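Below is start39.json, holding JSON, C-alpha atoms and all ligand atoms.
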[["chain", "number", "residue", "atom", "x", "y", "z"],
["A", 1, "MET", "CA", 103.11, 32.90, -1.48],
["A", 2, "PRO", "CA", 99.49, 33.43, -2.58],
["A", 3, "HIS", "CA", 98.05, 36.90, -2.62],
["A", 4, "PRO", "CA", 95.73, 37.55, 0.40],
["A", 5, "GLN", "CA", 92.91, 38.08, -2.08],
["A", 6, "HIS", "CA", 93.34, 34.46, -3.24],
["A", 7, "LEU", "CA", 93.20, 33.26, 0.32],
["A", 8, "LEU", "CA", 89.98, 35.14, 0.81],
["A", 9, "THR", "CA", 88.52, 33.71, -2.40],
["A", 10, "ASN", "CA", 89.58, 30.21, -1.33],
["A", 11, "TYR", "CA", 88.06, 30.76, 2.10],
["A", 12, "ARG", "CA", 84.79, 31.91, 0.50],
["A", 13, "ARG", "CA", 84.81, 28.89, -1.78],
["A", 14, "LEU", "CA", 85.36, 26.54, 1.17],
["A", 15, "LYS", "CA", 82.67, 28.24, 3.17],
["A", 16, "THR", "CA", 80.22, 28.00, 0.26],
["A", 17, "THR", "CA", 81.03, 24.30, -0.12],
["A", 18, "ALA", "CA", 80.42, 23.69, 3.58],
["A", 19, "ASP", "CA", 77.14, 25.64, 3.49],
["A", 20, "THR", "CA", 76.03, 23.70, 0.42],
["A", 21, "SER", "CA", 76.64, 20.37, 2.19],
["A", 22, "VAL", "CA", 74.43, 21.44, 5.10],
["A", 23, "ALA", "CA", 71.79, 22.76, 2.72],
["A", 24, "SER", "CA", 71.86, 19.60, 0.58],
["A", 25, "GLU", "CA", 71.34, 17.42, 3.67],
["A", 26, "LEU", "CA", 68.30, 19.47, 4.73],
["A", 27, "GLY", "CA", 67.22, 19.62, 1.08],
["A", 28, "ILE", "CA", 66.45, 15.90, 1.17],
["A", 29, "TYR", "CA", 63.51, 16.28, 3.57],
["A", 30, "ALA", "CA", 59.97, 16.27, 2.22],
["A", 31, "CYS", "CA", 56.70, 17.32, 3.84],
["A", 32, "PRO", "CA", 55.43, 14.41, 6.02],
["A", 33, "VAL", "CA", 51.88, 15.22, 4.85],
["A", 34, "CYS", "CA", 52.06, 15.86, 1.08],
["A", 35, "LYS", "CA", 55.59, 14.41, 0.49],
["A", 36, "ARG", "CA", 56.75, 17.39, -1.61],
["A", 37, "LEU", "CA", 60.30, 18.66, -1.03],
["A", 38, "LEU", "CA", 60.57, 21.40, 1.60],
["A", 39, "ARG", "CA", 62.18, 24.81, 1.25],
["A", 40, "GLN", "CA", 64.78, 25.85, 3.81],
["A", 41, "GLU", "CA", 64.16, 29.21, 5.42],
["A", 42, "GLU", "CA", 65.48, 30.88, 8.57],
["A", 43, "GLY", "CA", 65.24, 28.16, 11.24],
["A", 44, "VAL", "CA", 62.46, 26.21, 9.50],
["A", 45, "LEU", "CA", 61.67, 23.88, 6.62],
["A", 46, "ARG", "CA", 58.55, 25.10, 4.86],
["A", 47, "CYS", "CA", 55.99, 23.30, 2.69],
["A", 48, "SER", "CA", 54.57, 25.66, 0.10],
["A", 49, "ILE", "CA", 51.67, 23.27, -0.64],
["A", 50, "CYS", "CA", 50.45, 22.81, 2.99],
["A", 51, "SER", "CA", 51.70, 26.26, 4.18],
["A", 52, "GLN", "CA", 53.25, 24.41, 7.12],
["A", 53, "ALA", "CA", 56.61, 25.25, 8.73],
["A", 54, "TYR", "CA", 58.66, 22.59, 10.50],
["A", 55, "PRO", "CA", 61.16, 24.00, 13.00],
["A", 56, "ILE", "CA", 64.85, 23.06, 13.03],
["A", 57, "ARG", "CA", 65.87, 22.68, 16.69],
["A", 58, "GLU", "CA", 69.63, 22.57, 17.41],
["A", 59, "GLY", "CA", 70.18, 21.40, 13.83],
["A", 60, "ILE", "CA", 67.48, 18.68, 14.07],
["A", 61, "PRO", "CA", 64.36, 19.18, 11.90],
["A", 62, "ASP", "CA", 61.18, 18.48, 13.87],
["A", 63, "PHE", "CA", 58.26, 17.06, 11.87],
["A", 64, "ILE", "CA", 56.02, 16.28, 14.87],
["A", 65, "LEU", "CA", 53.85, 19.28, 15.61],
["A", 66, "GLU", "CA", 51.39, 17.62, 18.02],
["A", 67, "GLU", "CA", 51.98, 17.20, 21.78],
["A", 68, "LEU", "CA", 52.74, 13.50, 22.25],
["A", 69, "SER", "CA", 52.02, 13.44, 26.00],
["A", 70, "ARG", "CA", 48.33, 13.78, 25.05],
["A", 71, "SER", "CA", 48.48, 11.03, 22.39],
["A", 72, "ALA", "CA", 45.99, 8.14, 22.39],
["A", 73, "ASP", "CA", 48.98, 5.82, 21.87],
["A", 74, "PRO", "CA", 50.35, 4.55, 25.24],
["A", 75, "VAL", "CA", 53.89, 4.28, 23.82],
["A", 76, "LEU", "CA", 53.94, 7.91, 22.65],
["A", 77, "ARG", "CA", 52.46, 9.14, 25.96],
["A", 78, "ARG", "CA", 55.62, 7.90, 27.70],
["A", 79, "MET", "CA", 57.79, 10.30, 25.66],
["A", 80, "ARG", "CA", 59.09, 12.30, 28.63],
["A", 81, "PHE", "CA", 60.38, 9.09, 30.21],
["A", 82, "ILE", "CA", 61.97, 8.01, 26.91],
["A", 83, "ASP", "CA", 63.59, 11.47, 26.53],
["A", 84, "ARG", "CA", 65.18, 11.08, 29.96],
["A", 85, "MET", "CA", 66.34, 7.53, 29.15],
["A", 86, "ALA", "CA", 68.59, 8.75, 26.32],
["A", 87, "ARG", "CA", 71.75, 8.98, 28.46],
["A", 88, "ILE", "CA", 71.63, 5.43, 29.81],
["A", 89, "TYR", "CA", 70.06, 3.76, 26.76],
["A", 90, "GLU", "CA", 73.29, 2.21, 25.44],
["A", 91, "THR", "CA", 74.72, 1.39, 28.87],
["A", 92, "ARG", "CA", 74.44, -1.87, 30.81],
["A", 93, "LEU", "CA", 71.70, -0.27, 32.89],
["A", 94, "TRP", "CA", 69.22, -0.59, 30.07],
["A", 95, "TYR", "CA", 69.90, -2.46, 26.83],
["A", 96, "PRO", "CA", 71.08, -5.84, 28.24],
["A", 97, "VAL", "CA", 68.36, -5.71, 30.90],
["A", 98, "VAL", "CA", 65.63, -5.38, 28.28],
["A", 99, "LEU", "CA", 67.17, -7.98, 25.95],
["A", 100, "ASN", "CA", 67.50, -10.55, 28.74],
["A", 101, "LEU", "CA", 64.13, -9.84, 30.34],
["A", 102, "TYR", "CA", 62.15, -9.99, 27.11],
["A", 103, "GLY", "CA", 64.39, -12.11, 24.92],
["A", 104, "GLY", "CA", 65.76, -14.66, 27.41],
["A", 105, "PHE", "CA", 69.00, -15.09, 29.32],
["A", 106, "HIS", "CA", 70.97, -16.24, 26.30],
["A", 107, "SER", "CA", 70.06, -13.15, 24.31],
["A", 108, "PRO", "CA", 72.76, -11.62, 22.13],
["A", 109, "SER", "CA", 74.62, -8.64, 23.60],
["A", 110, "LEU", "CA", 74.21, -5.16, 22.12],
["A", 111, "ALA", "CA", 77.53, -5.61, 20.26],
["A", 112, "GLN", "CA", 76.28, -8.92, 18.80],
["A", 113, "MET", "CA", 72.93, -7.37, 17.84],
["A", 114, "ILE", "CA", 74.76, -4.54, 16.05],
["A", 115, "SER", "CA", 76.90, -7.05, 14.18],
["A", 116, "ILE", "CA", 73.87, -9.19, 13.14],
["A", 117, "VAL", "CA", 71.96, -6.15, 11.88],
["A", 118, "SER", "CA", 74.94, -4.51, 10.13],
["A", 119, "GLN", "CA", 75.92, -7.68, 8.25],
["A", 120, "LYS", "CA", 72.61, -7.59, 6.38],
["A", 121, "VAL", "CA", 73.25, -4.10, 4.99],
["A", 122, "GLN", "CA", 77.05, -4.38, 4.72],
["A", 123, "SER", "CA", 77.22, -4.75, 0.93],
["A", 124, "THR", "CA", 74.72, -1.93, 0.31],
["A", 125, "ASN", "CA", 75.98, 1.57, -0.37],
["A", 126, "GLY", "CA", 74.02, 4.79, -0.61],
["A", 127, "ARG", "CA", 71.29, 6.10, 1.69],
["A", 128, "VAL", "CA", 70.22, 4.13, 4.73],
["A", 129, "LEU", "CA", 67.10, 4.94, 6.73],
["A", 130, "ASP", "CA", 67.29, 4.16, 10.45],
["A", 131, "ILE", "CA", 63.72, 3.97, 11.81],
["A", 132, "ALA", "CA", 63.29, 4.80, 15.51],
["A", 133, "CYS", "CA", 67.05, 5.31, 15.64],
["A", 134, "GLY", "CA", 67.27, 6.31, 19.34],
["A", 135, "PRO", "CA", 70.71, 7.91, 19.85],
["A", 136, "GLY", "CA", 71.87, 6.36, 16.55],
["A", 137, "THR", "CA", 72.72, 3.10, 18.33],
["A", 138, "TYR", "CA", 72.83, 1.10, 15.08],
["A", 139, "GLY", "CA", 72.85, 3.82, 12.41],
["A", 140, "ARG", "CA", 75.93, 5.70, 13.56],
["A", 141, "ARG", "CA", 77.87, 2.43, 13.75],
["A", 142, "ILE", "CA", 77.14, 1.50, 10.15],
["A", 143, "ALA", "CA", 77.61, 5.00, 8.66],
["A", 144, "SER", "CA", 80.65, 5.28, 6.38],
["A", 145, "PRO", "CA", 81.86, 7.43, 3.49],
["A", 146, "SER", "CA", 79.73, 5.21, 1.22],
["A", 147, "LYS", "CA", 76.71, 4.90, 3.57],
["A", 148, "GLU", "CA", 74.79, 8.03, 4.48],
["A", 149, "VAL", "CA", 72.44, 7.37, 7.39],
["A", 150, "PHE", "CA", 69.20, 9.25, 8.07],
["A", 151, "GLY", "CA", 67.84, 8.48, 11.53],
["A", 152, "ILE", "CA", 64.32, 9.35, 12.63],
["A", 153, "ASP", "CA", 62.84, 9.01, 16.09],
["A", 154, "VAL", "CA", 59.92, 10.47, 18.06],
["A", 155, "SER", "CA", 62.13, 11.39, 21.05],
["A", 156, "MET", "CA", 64.04, 14.68, 20.86],
["A", 157, "GLY", "CA", 66.06, 13.58, 23.91],
["A", 158, "MET", "CA", 67.32, 10.49, 22.04],
["A", 159, "LEU", "CA", 68.09, 12.51, 18.88],
["A", 160, "ARG", "CA", 70.04, 15.15, 20.83],
["A", 161, "GLN", "CA", 72.05, 12.40, 22.51],
["A", 162, "GLY", "CA", 72.68, 10.87, 19.05],
["A", 163, "ALA", "CA", 73.88, 14.20, 17.65],
["A", 164, "ALA", "CA", 76.21, 14.56, 20.68],
["A", 165, "TYR", "CA", 77.68, 11.04, 20.16],
["A", 166, "VAL", "CA", 78.19, 11.72, 16.44],
["A", 167, "ALA", "CA", 79.99, 15.00, 17.20],
["A", 168, "GLU", "CA", 82.12, 13.43, 19.98],
["A", 169, "GLU", "CA", 83.03, 10.37, 17.92],
["A", 170, "GLY", "CA", 83.59, 12.45, 14.73],
["A", 171, "ILE", "CA", 81.30, 10.28, 12.60],
["A", 172, "PRO", "CA", 80.41, 11.75, 9.20],
["A", 173, "ASN", "CA", 77.28, 11.02, 7.20],
["A", 174, "VAL", "CA", 74.69, 10.69, 10.00],
["A", 175, "HIS", "CA", 71.64, 12.98, 10.08],
["A", 176, "PHE", "CA", 68.82, 13.07, 12.59],
["A", 177, "ALA", "CA", 65.22, 14.26, 12.34],
["A", 178, "ARG", "CA", 62.21, 13.95, 14.63],
["A", 179, "ALA", "CA", 59.37, 12.21, 12.81],
["A", 180, "ARG", "CA", 56.75, 9.52, 13.19],
["A", 181, "VAL", "CA", 57.08, 6.25, 11.34],
["A", 182, "GLU", "CA", 53.56, 6.66, 9.92],
["A", 183, "ALA", "CA", 54.50, 10.00, 8.28],
["A", 184, "LEU", "CA", 58.10, 9.87, 7.09],
["A", 185, "PRO", "CA", 59.53, 13.17, 5.80],
["A", 186, "PHE", "CA", 60.96, 11.68, 2.60],
["A", 187, "GLU", "CA", 60.00, 11.28, -1.07],
["A", 188, "ASP", "CA", 59.17, 7.84, -2.51],
["A", 189, "GLY", "CA", 61.96, 5.40, -3.36],
["A", 190, "LEU", "CA", 64.82, 7.33, -1.75],
["A", 191, "PHE", "CA", 66.60, 4.70, 0.33],
["A", 192, "ASP", "CA", 68.92, 1.85, -0.65],
["A", 193, "ALA", "CA", 68.45, 0.12, 2.73],
["A", 194, "ALA", "CA", 66.56, 0.51, 6.00],
["A", 195, "LEU", "CA", 67.02, -0.54, 9.62],
["A", 196, "CYS", "CA", 64.43, -0.83, 12.35],
["A", 197, "CYS", "CA", 66.00, -2.06, 15.58],
["A", 198, "GLY", "CA", 64.09, -2.61, 18.80],
["A", 199, "SER", "CA", 60.89, -0.76, 17.90],
["A", 200, "LEU", "CA", 58.66, -2.54, 15.35],
["A", 201, "HIS", "CA", 56.76, -4.14, 18.30],
["A", 202, "LEU", "CA", 55.95, -0.65, 19.64],
["A", 203, "PHE", "CA", 54.20, 0.82, 16.59],
["A", 204, "ALA", "CA", 50.43, 1.16, 16.94],
["A", 205, "ASP", "CA", 49.73, -0.43, 13.53],
["A", 206, "THR", "CA", 52.49, -2.67, 12.18],
["A", 207, "VAL", "CA", 51.22, -2.73, 8.57],
["A", 208, "ILE", "CA", 50.78, 1.05, 8.35],
["A", 209, "ALA", "CA", 54.32, 1.49, 9.72],
["A", 210, "LEU", "CA", 55.86, -1.09, 7.35],
["A", 211, "ARG", "CA", 53.96, 0.29, 4.35],
["A", 212, "GLU", "CA", 55.36, 3.77, 4.97],
["A", 213, "MET", "CA", 58.89, 2.34, 5.28],
["A", 214, "ALA", "CA", 58.40, 0.46, 1.97],
["A", 215, "ARG", "CA", 57.20, 3.67, 0.29],
["A", 216, "VAL", "CA", 60.50, 5.48, 0.88],
["A", 217, "MET", "CA", 62.68, 2.48, -0.13],
["A", 218, "LYS", "CA", 63.90, 1.63, -3.63],
["A", 219, "PRO", "CA", 62.60, -1.59, -5.23],
["A", 220, "ALA", "CA", 64.62, -4.61, -3.92],
["A", 221, "ALA", "CA", 66.18, -2.47, -1.14],
["A", 222, "ILE", "CA", 66.92, -4.51, 1.98],
["A", 223, "HIS", "CA", 65.26, -3.98, 5.36],
["A", 224, "SER", "CA", 67.07, -5.25, 8.45],
["A", 225, "VAL", "CA", 64.90, -5.58, 11.56],
["A", 226, "PHE", "CA", 65.25, -6.64, 15.19],
["A", 227, "THR", "CA", 62.06, -7.03, 17.23],
["A", 228, "PHE", "CA", 60.49, -9.53, 19.62],
["A", 229, "GLY", "CA", 58.81, -12.78, 18.63],
["A", 230, "ALA", "CA", 56.74, -15.36, 20.45],
["A", 231, "GLY", "CA", 59.78, -17.54, 21.09],
["A", 232, "ARG", "CA", 61.12, -19.64, 23.94],
["A", 233, "GLY", "CA", 63.10, -17.09, 25.96],
["A", 234, "GLY", "CA", 62.47, -14.44, 28.60],
["A", 235, "VAL", "CA", 59.10, -13.44, 29.98],
["A", 236, "LEU", "CA", 57.67, -13.27, 26.45],
["A", 237, "LYS", "CA", 57.50, -17.07, 26.25],
["A", 238, "PHE", "CA", 54.39, -16.83, 28.46],
["A", 239, "ARG", "CA", 51.22, -16.18, 26.45],
["A", 240, "ARG", "CA", 49.66, -14.28, 29.38],
["A", 241, "VAL", "CA", 52.64, -11.89, 29.52],
["A", 242, "ARG", "CA", 52.37, -11.27, 25.76],
["A", 243, "GLU", "CA", 48.63, -10.55, 26.05],
["A", 244, "TRP", "CA", 49.11, -8.30, 29.07],
["A", 245, "SER", "CA", 51.94, -6.39, 27.32],
["A", 246, "ARG", "CA", 49.80, -5.87, 24.25],
["A", 247, "ARG", "CA", 46.82, -4.57, 26.25],
["A", 248, "ASN", "CA", 48.69, -2.41, 28.74],
["A", 249, "ALA", "CA", 51.97, -1.37, 27.14],
["A", 250, "GLY", "CA", 51.13, -1.42, 23.41],
["A", 251, "LEU", "CA", 53.77, -4.14, 22.88],
["A", 252, "HIS", "CA", 53.15, -6.51, 19.94],
["A", 253, "VAL", "CA", 54.94, -9.83, 20.07],
["A", 254, "PHE", "CA", 54.92, -11.38, 16.62],
["A", 255, "ASP", "CA", 54.86, -14.97, 15.50],
["A", 256, "LEU", "CA", 56.66, -15.75, 12.25],
["A", 257, "ALA", "CA", 53.58, -16.45, 10.10],
["A", 258, "GLU", "CA", 51.96, -13.21, 11.29],
["A", 259, "MET", "CA", 55.14, -11.23, 10.55],
["A", 260, "GLU", "CA", 55.37, -12.68, 7.05],
["A", 261, "GLN", "CA", 51.71, -11.76, 6.40],
["A", 262, "TYR", "CA", 52.32, -8.17, 7.57],
["A", 263, "LEU", "CA", 55.39, -7.87, 5.35],
["A", 264, "THR", "CA", 53.59, -9.17, 2.26],
["A", 265, "ALA", "CA", 50.67, -6.81, 2.94],
["A", 266, "SER", "CA", 53.11, -3.88, 3.22],
["A", 267, "GLY", "CA", 55.04, -4.48, -0.01],
["A", 268, "PHE", "CA", 57.97, -6.63, 1.15],
["A", 269, "GLU", "CA", 59.18, -10.06, 0.02],
["A", 270, "ASP", "CA", 62.05, -12.49, 0.68],
["A", 271, "PHE", "CA", 61.43, -12.75, 4.47],
["A", 272, "GLN", "CA", 64.52, -14.26, 6.16],
["A", 273, "PRO", "CA", 63.81, -14.66, 9.90],
["A", 274, "GLU", "CA", 66.01, -15.88, 12.75],
["A", 275, "MET", "CA", 64.78, -16.46, 16.30],
["A", 276, "SER", "CA", 67.08, -16.44, 19.33],
["A", 277, "GLY", "CA", 65.06, -16.94, 22.51],
["A", 278, "SER", "CA", 62.27, -14.40, 21.98],
["A", 279, "ILE", "CA", 64.43, -12.07, 19.87],
["A", 280, "LEU", "CA", 63.43, -12.01, 16.23],
["A", 281, "THR", "CA", 65.87, -10.63, 13.68],
["A", 282, "PHE", "CA", 64.98, -10.70, 10.00],
["A", 283, "SER", "CA", 65.65, -9.18, 6.63],
["A", 284, "ALA", "CA", 63.15, -8.58, 3.85],
["A", 285, "ARG", "CA", 63.30, -6.78, 0.52],
["A", 286, "LYS", "CA", 60.95, -4.25, -0.95],
["A", 287, "GLN", "CA", 58.92, -5.93, -3.68],
["A", 288, "THR", "CA", 60.23, -5.20, -7.14],
["A", 289, "ALA", "CA", 56.91, -5.11, -9.00],
["B", 1, "ZN", "ZN", 53.01, 19.61, 2.49]]

Could the structure of this file be written out as structure tokens, please?
Amino acid sequence: MPHPQHLLTNYRRLKTTADTSVASELGIYACPVCKRLLRQEEGVLRCSICSQAYPIREGIPDFILEELSRSADPVLRRMRFIDRMARIYETRLWYPVVLNLYGGFHSPSLAQMISIVSQKVQSTNGRVLDIACGPGTYGRRIASPSKEVFGIDVSMGMLRQGAAYVAEEGIPNVHFARARVEALPFEDGLFDAALCCGSLHLFADTVIALREMARVMKPAAIHSVFTFGAGRGGVLKFRRVREWSRRNAGLHVFDLAEMEQYLTASGFEDFQPEMSGSILTFSARKQTA
């Protein structure tokens, strides 16, 4: 039987290991402004260059210091509504309604969408960035011992819901942070793959958003995206609806040539699109040179 002192030493060692794993996860985050690695202090991540402190709320680092309800961006102004949506987001009250309304009545189900998106990153191991992750709808379902997922979203309500699902479902290797797509809290070339599901059409400037995603990806890393295209399904098949949505709701509906131009301008290549109704799924790779 081991001496109690050994037990204590073992316990300390275990505890140190556990603490190190938490610290190493937070140690990956960089300042969204100057992109230098942040130092972890009591309840905050601090940038010594910008003298800025980013709070950690309920284990979730928050890199958005401005009040989004006063944003010029109509999508970001709706944040309180999006926060409240978190609980029903993955239920039949929301996801299938949006897919069928926008994408057309033969739109893939959420389960099919998850399978389409996951297949594209299946053979990739390492770090996966999940852009506008919501409650980890896609990211937590592709996380594995060999895939560590970092989800970012602008809605704290969605991120909290994601953290609750991850805890309930006992999923390892998923981390959440609140950040804007235009200012990702990561160093250059960190990710082996990226996902962006159901949100590319909502970003104020598509090229700025894609360029920032490319910055944090490794050369040739794969990007798997689901968004809306000017296809033949749902209300988005009507040009007037697309124009109205763009003007009033900040919703961009892409056509394929436009999407390819945006990707090339942002540092991606090997565009592989698929349209189903008005749902556009595609993969692209970060340019190698
Ligand atoms: Zn900084």

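A straight line drawn from CA of Gly189 in chain A to CA of Arg215 in chain A is 6.2 Å long.
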
Can I get the residues of chain A within 9 Å of ligand ZN 1 (chain B), each with the closest pair of atoms and their distance in Å to one decimal, using all atoms listed in the file, sorted chain first then ascending number, as a Markdown table?
| residue | atom | partner | partner_atom | distance |
| --- | --- | --- | --- | --- |
| A:Ala30 | CA | B:ZN1 | ZN | 7.7 |
| A:Cys31 | CA | B:ZN1 | ZN | 4.5 |
| A:Pro32 | CA | B:ZN1 | ZN | 6.7 |
| A:Val33 | CA | B:ZN1 | ZN | 5.1 |
| A:Cys34 | CA | B:ZN1 | ZN | 4.1 |
| A:Lys35 | CA | B:ZN1 | ZN | 6.1 |
| A:Arg36 | CA | B:ZN1 | ZN | 6.0 |
| A:Leu37 | CA | B:ZN1 | ZN | 8.2 |
| A:Leu38 | CA | B:ZN1 | ZN | 7.8 |
| A:Arg46 | CA | B:ZN1 | ZN | 8.2 |
| A:Cys47 | CA | B:ZN1 | ZN | 4.7 |
| A:Ser48 | CA | B:ZN1 | ZN | 6.7 |
| A:Ile49 | CA | B:ZN1 | ZN | 5.0 |
| A:Cys50 | CA | B:ZN1 | ZN | 4.1 |
| A:Ser51 | CA | B:ZN1 | ZN | 7.0 |
| A:Gln52 | CA | B:ZN1 | ZN | 6.7 |

Take the residues just selected and output them with C-alpha atoms as a PDB file, keeping the file's coordinate frame.
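Now in part-v6.pdb:
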ATOM      1  CA  ALA A  30      59.970  16.270   2.220  1.00  0.00           C
ATOM      2  CA  CYS A  31      56.700  17.320   3.840  1.00  0.00           C
ATOM      3  CA  PRO A  32      55.430  14.410   6.020  1.00  0.00           C
ATOM      4  CA  VAL A  33      51.880  15.220   4.850  1.00  0.00           C
ATOM      5  CA  CYS A  34      52.060  15.860   1.080  1.00  0.00           C
ATOM      6  CA  LYS A  35      55.590  14.410   0.490  1.00  0.00           C
ATOM      7  CA  ARG A  36      56.750  17.390  -1.610  1.00  0.00           C
ATOM      8  CA  LEU A  37      60.300  18.660  -1.030  1.00  0.00           C
ATOM      9  CA  LEU A  38      60.570  21.400   1.600  1.00  0.00           C
ATOM     10  CA  ARG A  46      58.550  25.100   4.860  1.00  0.00           C
ATOM     11  CA  CYS A  47      55.990  23.300   2.690  1.00  0.00           C
ATOM     12  CA  SER A  48      54.570  25.660   0.100  1.00  0.00           C
ATOM     13  CA  ILE A  49      51.670  23.270  -0.640  1.00  0.00           C
ATOM     14  CA  CYS A  50      50.450  22.810   2.990  1.00  0.00           C
ATOM     15  CA  SER A  51      51.700  26.260   4.180  1.00  0.00           C
ATOM     16  CA  GLN A  52      53.250  24.410   7.120  1.00  0.00           C
TER      17      GLN A  52
END

Quiz item: Of the residues A:Ala284, A:Ile114, A:Leu263, A:Leu251, which is the one nearest to Leu202 in chain A, using all atoms listed in the file?
Solution: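 Closest to Leu202 in chain A, using all atoms listed in the file: A:Leu251.
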
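From CA of Met217 in chain A back to CA of Ile116 in chain A, the distance works out to 20.9 Å.
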
Quiz prompt | Counting only C-alpha atoms, the option among A:Arg178, A:Arg285, A:His201, A:Arg77 closest to Ala221 in chain A | solution = A:Arg285

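Closest approach to Tyr138 in chain A from the set A:Leu195, A:Met213, A:Ile279, A:Ala179 is made by A:Leu195, with distances taken over only C-alpha atoms.
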
Save range 159-170 of chain A to a file: N, CA, C and O atoms, as a JSON list (two decimals), in the first residue's frame.
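Produced file out-v3.json, reproduced below:
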[["chain", "number", "residue", "atom", "x", "y", "z"],
["A", 159, "LEU", "N", -22.50, 30.69, -26.98],
["A", 159, "LEU", "CA", -21.29, 30.05, -26.47],
["A", 159, "LEU", "C", -21.56, 29.34, -25.15],
["A", 159, "LEU", "O", -21.10, 28.22, -24.92],
["A", 160, "ARG", "N", -22.33, 30.00, -24.27],
["A", 160, "ARG", "CA", -22.70, 29.37, -22.99],
["A", 160, "ARG", "C", -23.47, 28.08, -23.22],
["A", 160, "ARG", "O", -23.25, 27.08, -22.56],
["A", 161, "GLN", "N", -24.42, 28.13, -24.17],
["A", 161, "GLN", "CA", -25.19, 26.94, -24.50],
["A", 161, "GLN", "C", -24.26, 25.84, -25.02],
["A", 161, "GLN", "O", -24.39, 24.67, -24.65],
["A", 162, "GLY", "N", -23.29, 26.24, -25.85],
["A", 162, "GLY", "CA", -22.30, 25.28, -26.39],
["A", 162, "GLY", "C", -21.50, 24.64, -25.27],
["A", 162, "GLY", "O", -21.33, 23.41, -25.24],
["A", 163, "ALA", "N", -21.03, 25.46, -24.32],
["A", 163, "ALA", "CA", -20.25, 24.93, -23.20],
["A", 163, "ALA", "C", -21.10, 23.97, -22.37],
["A", 163, "ALA", "O", -20.60, 22.93, -21.91],
["A", 164, "ALA", "N", -22.41, 24.27, -22.22],
["A", 164, "ALA", "CA", -23.30, 23.39, -21.47],
["A", 164, "ALA", "C", -23.48, 22.05, -22.21],
["A", 164, "ALA", "O", -23.40, 20.99, -21.60],
["A", 165, "TYR", "N", -23.68, 22.09, -23.54],
["A", 165, "TYR", "CA", -23.81, 20.84, -24.31],
["A", 165, "TYR", "C", -22.54, 19.99, -24.18],
["A", 165, "TYR", "O", -22.60, 18.78, -23.99],
["A", 166, "VAL", "N", -21.38, 20.65, -24.31],
["A", 166, "VAL", "CA", -20.10, 19.94, -24.27],
["A", 166, "VAL", "C", -19.92, 19.25, -22.91],
["A", 166, "VAL", "O", -19.48, 18.10, -22.84],
["A", 167, "ALA", "N", -20.31, 19.96, -21.83],
["A", 167, "ALA", "CA", -20.20, 19.38, -20.49],
["A", 167, "ALA", "C", -21.18, 18.21, -20.34],
["A", 167, "ALA", "O", -20.81, 17.13, -19.89],
["A", 168, "GLU", "N", -22.43, 18.42, -20.76],
["A", 168, "GLU", "CA", -23.47, 17.39, -20.66],
["A", 168, "GLU", "C", -23.10, 16.13, -21.45],
["A", 168, "GLU", "O", -23.29, 15.02, -21.00],
["A", 169, "GLU", "N", -22.61, 16.36, -22.67],
["A", 169, "GLU", "CA", -22.33, 15.25, -23.58],
["A", 169, "GLU", "C", -20.93, 14.66, -23.35],
["A", 169, "GLU", "O", -20.57, 13.68, -23.99],
["A", 170, "GLY", "N", -20.15, 15.30, -22.44],
["A", 170, "GLY", "CA", -18.80, 14.81, -22.12],
["A", 170, "GLY", "C", -17.85, 14.80, -23.30],
["A", 170, "GLY", "O", -17.08, 13.87, -23.48]]
